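Chemist: One structure is given below, represented as structure tokens, and several questions about it will come after.
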Amino acid sequence: MHSFPWLGFGLGLRPPHFQEVLDGAQGADWFEILSENFMVAGGKPRYYLEQVRADYPIVMHGVSMNIGSADPLDMDYLSRLRELMRSIEPAWLSDHLCWTGVSGHNSHDLLPLPLTDAVLTHLCERIDRVQNYLGRPLVLENASTYLEFAGADYREHEFLNHLSRRSGCRLLLDINNIYVSSRNHGFDANAYLDAIDKDAVVQFHLAGHSDYGDYVIDTHDHPIVDPVWTLFERAVRRFGPISTMIERDDHIPPFPELVSELDQARQIAAPHWALETQDVNAG
């Protein structure tokens, strides 16, 4: 059985902050990388990653596994992913519950899946192959969505639960994505959160978005808004100590500004996690 340790509070490792982190900038307990940015044999990105890895736990987070596609699994991609995994020994490895392309073409977007029995079976078969190839459980994230398919057999939280139970994969619960999708589709974000299997979740994401009134886009280029913080507090009360990180991919602020947001996450979680984290560390 693969262990999912409690890492604390982390940030996405982004190029503007590489040198600052190496110079000793404080405030993050761990870092998450975008796997595809480091799937090369050498060069500056790998140099920085190896230096940071010497001092911090690392989690790998991908955007191109294409786990939901009808295309065959890309074994060249998985081979390079496994090489990176073996090199840096991440705490775990994640990607998105979506498809990103077909017929060999990458859309560079996280596209939604029909939530049907057929797709569930298709995903479980592919997840099983990926987990066997990598030698560890796969962690999958709920993506933000902007449309829904007719004829679904499940609501999204039901689909996630069935997928985790059947395949053995674990869940990266993106709190911002739940909020964004709830606004776009009109469902109750609190009920969604409350229905997710507690034992399936190993990580939280927090991020900002762009709000256009009638719809919301997951852009990772703004500070976290109050309704997402409120949903995060509900999550920490329900799930207990879960490793949490903040994503920022555009309009990236100075490192201390991100640490300030991370400290807000710490403050929200502290009253709910204090006793439980003591139990986790003691165990």
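For the structure tokens, the naming scheme is as follows: chains receive sequential letters (A, B, ...) according to their order of presentation, residues are indexed from 1 within each chain, and ligands are indexed from 1 in presentation order.
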If you run DSSP over the backbone, which residues in region 53-83 of chain A end up strand (DSSP E or B)? Put them as a list in words.
Modeler: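 Across region 53-83 of chain A, those assigned strand (DSSP E or B) are Ile58, Val59, Met60 and His61 of chain A.
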Chemist: Please provide as a list of chain:residue names all residues within 6 Å of region 134-149 of chain A, with the sequence filter that same-chain residues fewer than 4 positions apart are discarded (counting only C-alpha atoms).
Modeler: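 Those residues are A:Ser94, A:Asp95, A:His96, A:Leu97, A:Pro114, A:Cys169, A:Arg170, A:Leu171, A:Leu172, A:Leu173, A:Asn177, A:Ser181.
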Chemist: Just all heavy atoms for this one: save the residues we selected as a short mmCIF file (atom, residue, chain, number, x, y, z; two decimals), in the first residue's frame.
Modeler:
```
data_model
loop_
_atom_site.label_atom_id
_atom_site.label_comp_id
_atom_site.auth_asym_id
_atom_site.auth_seq_id
_atom_site.Cartn_x
_atom_site.Cartn_y
_atom_site.Cartn_z
N SER A 94 -0.22 13.09 -9.64
CA SER A 94 -1.62 13.34 -9.96
C SER A 94 -1.79 13.83 -11.39
O SER A 94 -0.84 14.26 -12.05
CB SER A 94 -2.22 14.37 -8.98
OG SER A 94 -1.60 15.62 -9.13
N ASP A 95 -3.04 13.77 -11.84
CA ASP A 95 -3.45 14.37 -13.12
C ASP A 95 -4.94 14.69 -12.99
O ASP A 95 -5.48 14.66 -11.88
CB ASP A 95 -3.17 13.43 -14.30
CG ASP A 95 -2.94 14.20 -15.60
OD1 ASP A 95 -3.94 14.76 -16.13
OD2 ASP A 95 -1.80 14.24 -16.10
N HIS A 96 -5.59 14.99 -14.11
CA HIS A 96 -6.97 15.47 -14.09
C HIS A 96 -7.94 14.43 -14.64
O HIS A 96 -7.61 13.70 -15.58
CB HIS A 96 -7.10 16.74 -14.92
CG HIS A 96 -6.31 17.88 -14.38
ND1 HIS A 96 -4.95 18.00 -14.59
CD2 HIS A 96 -6.67 18.96 -13.62
CE1 HIS A 96 -4.51 19.10 -14.00
NE2 HIS A 96 -5.53 19.69 -13.40
N LEU A 97 -9.13 14.41 -14.06
CA LEU A 97 -10.19 13.55 -14.56
C LEU A 97 -10.83 14.25 -15.76
O LEU A 97 -11.75 15.06 -15.61
CB LEU A 97 -11.23 13.28 -13.47
CG LEU A 97 -12.33 12.29 -13.85
CD1 LEU A 97 -11.74 10.93 -14.15
CD2 LEU A 97 -13.36 12.21 -12.75
N PRO A 114 -18.44 12.52 -20.27
CA PRO A 114 -19.80 12.09 -19.95
C PRO A 114 -19.76 11.20 -18.70
O PRO A 114 -18.96 10.28 -18.62
CB PRO A 114 -20.22 11.28 -21.18
CG PRO A 114 -19.23 11.62 -22.25
CD PRO A 114 -17.96 11.98 -21.55
N CYS A 169 -7.82 4.44 -7.34
CA CYS A 169 -7.18 5.75 -7.42
C CYS A 169 -7.64 6.61 -6.24
O CYS A 169 -8.62 6.30 -5.56
CB CYS A 169 -7.51 6.44 -8.74
SG CYS A 169 -9.18 7.15 -8.83
N ARG A 170 -6.91 7.67 -5.97
CA ARG A 170 -7.29 8.61 -4.91
C ARG A 170 -7.66 9.95 -5.55
O ARG A 170 -7.45 10.15 -6.75
CB ARG A 170 -6.14 8.77 -3.92
CG ARG A 170 -5.63 7.44 -3.38
CD ARG A 170 -6.68 6.66 -2.60
NE ARG A 170 -6.86 7.22 -1.27
CZ ARG A 170 -6.11 6.91 -0.22
NH1 ARG A 170 -5.11 6.04 -0.35
NH2 ARG A 170 -6.33 7.45 0.95
N LEU A 171 -8.17 10.86 -4.74
CA LEU A 171 -8.71 12.11 -5.26
C LEU A 171 -7.92 13.31 -4.78
O LEU A 171 -7.57 13.41 -3.60
CB LEU A 171 -10.18 12.27 -4.84
CG LEU A 171 -11.14 11.16 -5.29
CD1 LEU A 171 -12.55 11.47 -4.79
CD2 LEU A 171 -11.13 10.99 -6.81
N LEU A 172 -7.65 14.21 -5.71
CA LEU A 172 -7.18 15.56 -5.42
C LEU A 172 -8.42 16.44 -5.56
O LEU A 172 -8.93 16.63 -6.66
CB LEU A 172 -6.10 15.97 -6.42
CG LEU A 172 -5.29 17.24 -6.17
CD1 LEU A 172 -4.22 17.40 -7.24
CD2 LEU A 172 -6.13 18.51 -6.10
N LEU A 173 -8.89 16.95 -4.45
CA LEU A 173 -10.12 17.72 -4.46
C LEU A 173 -9.77 19.20 -4.61
O LEU A 173 -9.18 19.81 -3.72
CB LEU A 173 -10.89 17.48 -3.15
CG LEU A 173 -12.41 17.59 -3.20
CD1 LEU A 173 -13.00 16.65 -4.26
CD2 LEU A 173 -13.00 17.27 -1.83
N ASN A 177 -12.35 24.51 -8.05
CA ASN A 177 -13.07 23.90 -9.17
C ASN A 177 -14.49 23.52 -8.79
O ASN A 177 -15.41 23.61 -9.61
CB ASN A 177 -12.31 22.67 -9.67
CG ASN A 177 -11.04 23.04 -10.41
OD1 ASN A 177 -10.74 24.21 -10.60
ND2 ASN A 177 -10.28 22.03 -10.81
N SER A 181 -17.54 25.13 -10.90
CA SER A 181 -18.53 24.27 -11.56
C SER A 181 -19.91 24.46 -10.95
O SER A 181 -20.93 24.41 -11.67
CB SER A 181 -18.09 22.81 -11.47
OG SER A 181 -16.90 22.59 -12.20
#
```
Chemist: Can you check which residues of region 25-199 of chain A DSSP gives as alpha helix (DSSP H) on the backbone and send them as an MDAnalysis selection string?
Modeler: chainID A and resid 44:53 75:88 117:134 156:167 175:185 189:195
Chemist: Compile the contact shell of Gln267 (chain A) as a list in words: residues with an atom at most 12 Å away, counting only C-alpha atoms, same-chain residues fewer than 6 positions apart removed.
Modeler: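 Returned residues: Phe9, Trp229, Phe232, Glu233, Val236, Ser260, Glu261, Trp273 and Ala274 of chain A.
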Chemist: Tell me, counting only C-alpha atoms, for each residue of region 189-276 of chain A within 12 Å of region 61-75 of chain A, which pair of atoms is nearest and how far apart they are in Å to one decimal, in rows ordered by chain and increasing number, as a Markdown table.
Modeler:
```
| residue | atom | partner | partner_atom | distance |
| --- | --- | --- | --- | --- |
| A:Gln203 | CA | A:His61 | CA | 11.3 |
| A:His205 | CA | A:His61 | CA | 11.1 |
| A:Met245 | CA | A:His61 | CA | 11.7 |
| A:Glu247 | CA | A:His61 | CA | 11.0 |
```
Chemist: So which one's closest to Thr100 (chain A), A:Leu113, A:Ile33, A:Leu22, A:Val180? Using only C-alpha atoms, please.
Modeler: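 The answer is A:Leu113, which sits nearest to Thr100 (chain A).
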Chemist: Quick one: residues within 10 Å of Asp55 (chain A), only C-alpha atoms counted, chain neighbours fewer than 6 positions away excluded, as a PyMOL selection string?
Modeler: chain A and resi 21-22+24+29-30
Chemist: Go ahead and save the picked residues with all heavy atoms, as a PDB file, in the first residue's frame.
Modeler:
```pdb
ATOM      1  N   VAL A  21      13.412  30.524  -4.010  1.00  0.00           N
ATOM      2  CA  VAL A  21      13.261  29.342  -3.157  1.00  0.00           C
ATOM      3  C   VAL A  21      14.634  28.758  -2.821  1.00  0.00           C
ATOM      4  O   VAL A  21      14.914  28.400  -1.670  1.00  0.00           O
ATOM      5  CB  VAL A  21      12.360  28.295  -3.839  1.00  0.00           C
ATOM      6  CG1 VAL A  21      12.357  26.981  -3.055  1.00  0.00           C
ATOM      7  CG2 VAL A  21      10.928  28.825  -3.976  1.00  0.00           C
ATOM      8  N   LEU A  22      15.501  28.674  -3.826  1.00  0.00           N
ATOM      9  CA  LEU A  22      16.842  28.145  -3.572  1.00  0.00           C
ATOM     10  C   LEU A  22      17.631  29.039  -2.626  1.00  0.00           C
ATOM     11  O   LEU A  22      18.486  28.555  -1.871  1.00  0.00           O
ATOM     12  CB  LEU A  22      17.610  27.996  -4.887  1.00  0.00           C
ATOM     13  CG  LEU A  22      17.133  26.909  -5.845  1.00  0.00           C
ATOM     14  CD1 LEU A  22      18.093  26.795  -7.016  1.00  0.00           C
ATOM     15  CD2 LEU A  22      17.007  25.566  -5.144  1.00  0.00           C
ATOM     16  N   GLY A  24      16.456  30.418  -0.093  1.00  0.00           N
ATOM     17  CA  GLY A  24      15.991  30.230   1.269  1.00  0.00           C
ATOM     18  C   GLY A  24      14.688  30.904   1.628  1.00  0.00           C
ATOM     19  O   GLY A  24      14.380  31.050   2.820  1.00  0.00           O
ATOM     20  N   ASP A  29       5.697  24.568   2.949  1.00  0.00           N
ATOM     21  CA  ASP A  29       6.168  23.296   3.502  1.00  0.00           C
ATOM     22  C   ASP A  29       6.572  22.315   2.406  1.00  0.00           C
ATOM     23  O   ASP A  29       7.353  21.398   2.658  1.00  0.00           O
ATOM     24  CB  ASP A  29       5.062  22.646   4.342  1.00  0.00           C
ATOM     25  CG  ASP A  29       4.609  23.522   5.490  1.00  0.00           C
ATOM     26  OD1 ASP A  29       5.462  24.210   6.082  1.00  0.00           O
ATOM     27  OD2 ASP A  29       3.402  23.531   5.794  1.00  0.00           O
ATOM     28  N   TRP A  30       6.016  22.490   1.204  1.00  0.00           N
ATOM     29  CA  TRP A  30       6.283  21.584   0.089  1.00  0.00           C
ATOM     30  C   TRP A  30       5.905  22.287  -1.210  1.00  0.00           C
ATOM     31  O   TRP A  30       5.315  23.371  -1.188  1.00  0.00           O
ATOM     32  CB  TRP A  30       5.514  20.269   0.243  1.00  0.00           C
ATOM     33  CG  TRP A  30       4.011  20.405   0.340  1.00  0.00           C
ATOM     34  CD1 TRP A  30       3.300  20.767   1.451  1.00  0.00           C
ATOM     35  CD2 TRP A  30       3.053  20.173  -0.690  1.00  0.00           C
ATOM     36  NE1 TRP A  30       1.955  20.773   1.173  1.00  0.00           N
ATOM     37  CE2 TRP A  30       1.756  20.414  -0.127  1.00  0.00           C
ATOM     38  CE3 TRP A  30       3.132  19.764  -2.019  1.00  0.00           C
ATOM     39  CZ2 TRP A  30       0.587  20.282  -0.861  1.00  0.00           C
ATOM     40  CZ3 TRP A  30       1.957  19.621  -2.755  1.00  0.00           C
ATOM     41  CH2 TRP A  30       0.702  19.876  -2.194  1.00  0.00           C
TER      42      TRP A  30
END
```
Chemist: Would you pick out the contacts of His157 (chain A) at 10 Å or less, using only C-alpha atoms, so that residues sharing its chain but fewer than 6 positions from it are not included, and give the list as a list in words?
Modeler: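 Surrounding residues, per the criterion: Asn142, Leu163, Ile178, Ala191, Tyr192, Leu193, Asp194, Ala195, Ile196 and Asp197 of chain A.
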Chemist: Please report the interatomic distance between CA of Arg46 (chain A) and CA of Glu20 (chain A) in Å with one decimal.
Modeler: 16.0 Å
Chemist: Using only C-alpha atoms, find the one residue out of A:Pro223, A:Pro45, A:Gly12, A:Pro241 that sits nearest to Glu257 (chain A).
Modeler: A:Pro223
Chemist: Excluding Ala28 (chain A) and residues on its chain fewer than 4 positions from it, collect all residues at most 8 Å away from it, counting only C-alpha atoms, and give them as an NGL selection string.
Modeler: :A and (9-11 or 259 or 262)
Chemist: Next, dump the selected residues to file, keeping only C-alpha atoms, as an mmCIF file, in the first residue's frame.
Modeler:
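Dumped everything to out-v8.cif:
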```
data_model
loop_
_atom_site.group_PDB
_atom_site.id
_atom_site.type_symbol
_atom_site.label_atom_id
_atom_site.label_comp_id
_atom_site.auth_asym_id
_atom_site.auth_seq_id
_atom_site.Cartn_x
_atom_site.Cartn_y
_atom_site.Cartn_z
ATOM 1 C CA PHE A 9 0.769 23.685 3.162
ATOM 2 C CA GLY A 10 2.455 24.057 -0.222
ATOM 3 C CA LEU A 11 2.735 26.157 -3.353
ATOM 4 C CA VAL A 259 2.907 32.903 1.320
ATOM 5 C CA LEU A 262 -0.962 30.257 2.283
#
```
Chemist: List the neighbours of Ser167 (chain A) out to 10 Å using only C-alpha atoms; skip same-chain residues closer than 4 positions along the sequence, and give me the result as an NGL selection string.
Modeler: :A and (120-121 or 123-128 or 131 or 137-138 or 162-163)
Chemist: Dump N, CA, C and O atoms for the selected residues as a JSON list (two decimals), in the first residue's frame?
Modeler:
```json
[["chain", "number", "residue", "atom", "x", "y", "z"],
["A", 120, "LEU", "N", -17.17, 5.23, -16.99],
["A", 120, "LEU", "CA", -16.61, 4.76, -15.72],
["A", 120, "LEU", "C", -15.80, 3.48, -15.93],
["A", 120, "LEU", "O", -14.67, 3.36, -15.44],
["A", 121, "THR", "N", -16.35, 2.54, -16.67],
["A", 121, "THR", "CA", -15.63, 1.30, -16.96],
["A", 121, "THR", "C", -14.36, 1.57, -17.77],
["A", 121, "THR", "O", -13.29, 1.01, -17.49],
["A", 123, "LEU", "N", -12.56, 4.32, -17.85],
["A", 123, "LEU", "CA", -11.57, 4.95, -16.98],
["A", 123, "LEU", "C", -10.92, 3.96, -16.04],
["A", 123, "LEU", "O", -9.70, 3.98, -15.85],
["A", 124, "CYS", "N", -11.72, 3.08, -15.45],
["A", 124, "CYS", "CA", -11.16, 2.12, -14.49],
["A", 124, "CYS", "C", -10.14, 1.21, -15.16],
["A", 124, "CYS", "O", -9.09, 0.90, -14.57],
["A", 125, "GLU", "N", -10.42, 0.80, -16.38],
["A", 125, "GLU", "CA", -9.47, -0.04, -17.11],
["A", 125, "GLU", "C", -8.16, 0.70, -17.37],
["A", 125, "GLU", "O", -7.07, 0.15, -17.20],
["A", 126, "ARG", "N", -8.27, 1.94, -17.78],
["A", 126, "ARG", "CA", -7.07, 2.73, -18.09],
["A", 126, "ARG", "C", -6.29, 3.09, -16.82],
["A", 126, "ARG", "O", -5.05, 3.05, -16.80],
["A", 127, "ILE", "N", -7.00, 3.45, -15.76],
["A", 127, "ILE", "CA", -6.33, 3.75, -14.49],
["A", 127, "ILE", "C", -5.58, 2.54, -13.98],
["A", 127, "ILE", "O", -4.45, 2.65, -13.48],
["A", 128, "ASP", "N", -6.19, 1.36, -14.11],
["A", 128, "ASP", "CA", -5.52, 0.14, -13.66],
["A", 128, "ASP", "C", -4.21, -0.07, -14.42],
["A", 128, "ASP", "O", -3.18, -0.41, -13.82],
["A", 131, "GLN", "N", -1.66, 2.63, -13.19],
["A", 131, "GLN", "CA", -1.16, 2.35, -11.84],
["A", 131, "GLN", "C", -0.20, 1.18, -11.84],
["A", 131, "GLN", "O", 0.81, 1.21, -11.12],
["A", 137, "PRO", "N", -0.47, 4.23, -6.77],
["A", 137, "PRO", "CA", -1.81, 4.73, -7.09],
["A", 137, "PRO", "C", -1.74, 6.07, -7.82],
["A", 137, "PRO", "O", -0.84, 6.89, -7.58],
["A", 138, "LEU", "N", -2.69, 6.28, -8.69],
["A", 138, "LEU", "CA", -2.84, 7.55, -9.37],
["A", 138, "LEU", "C", -3.81, 8.43, -8.58],
["A", 138, "LEU", "O", -4.80, 7.94, -8.04],
["A", 162, "HIS", "N", -17.48, 6.42, -7.09],
["A", 162, "HIS", "CA", -17.44, 5.11, -7.75],
["A", 162, "HIS", "C", -16.08, 4.86, -8.39],
["A", 162, "HIS", "O", -15.55, 3.74, -8.32],
["A", 163, "LEU", "N", -15.52, 5.89, -9.01],
["A", 163, "LEU", "CA", -14.22, 5.74, -9.67],
["A", 163, "LEU", "C", -13.14, 5.36, -8.67],
["A", 163, "LEU", "O", -12.32, 4.46, -8.92]]
```
Chemist: Report, in Å with one decimal, the straight-line distance from CA of Pro90 (chain A) to CA of Asn37 (chain A).
Modeler: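 That distance, rounded to one decimal, is 15.0 Å.
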Chemist: Quick one, how far is CA of Tyr48 (chain A) from CA of Pro5 (chain A)?
Modeler: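 So the two atoms, CA of Tyr48 (chain A) and CA of Pro5 (chain A), lie 23.7 Å apart.
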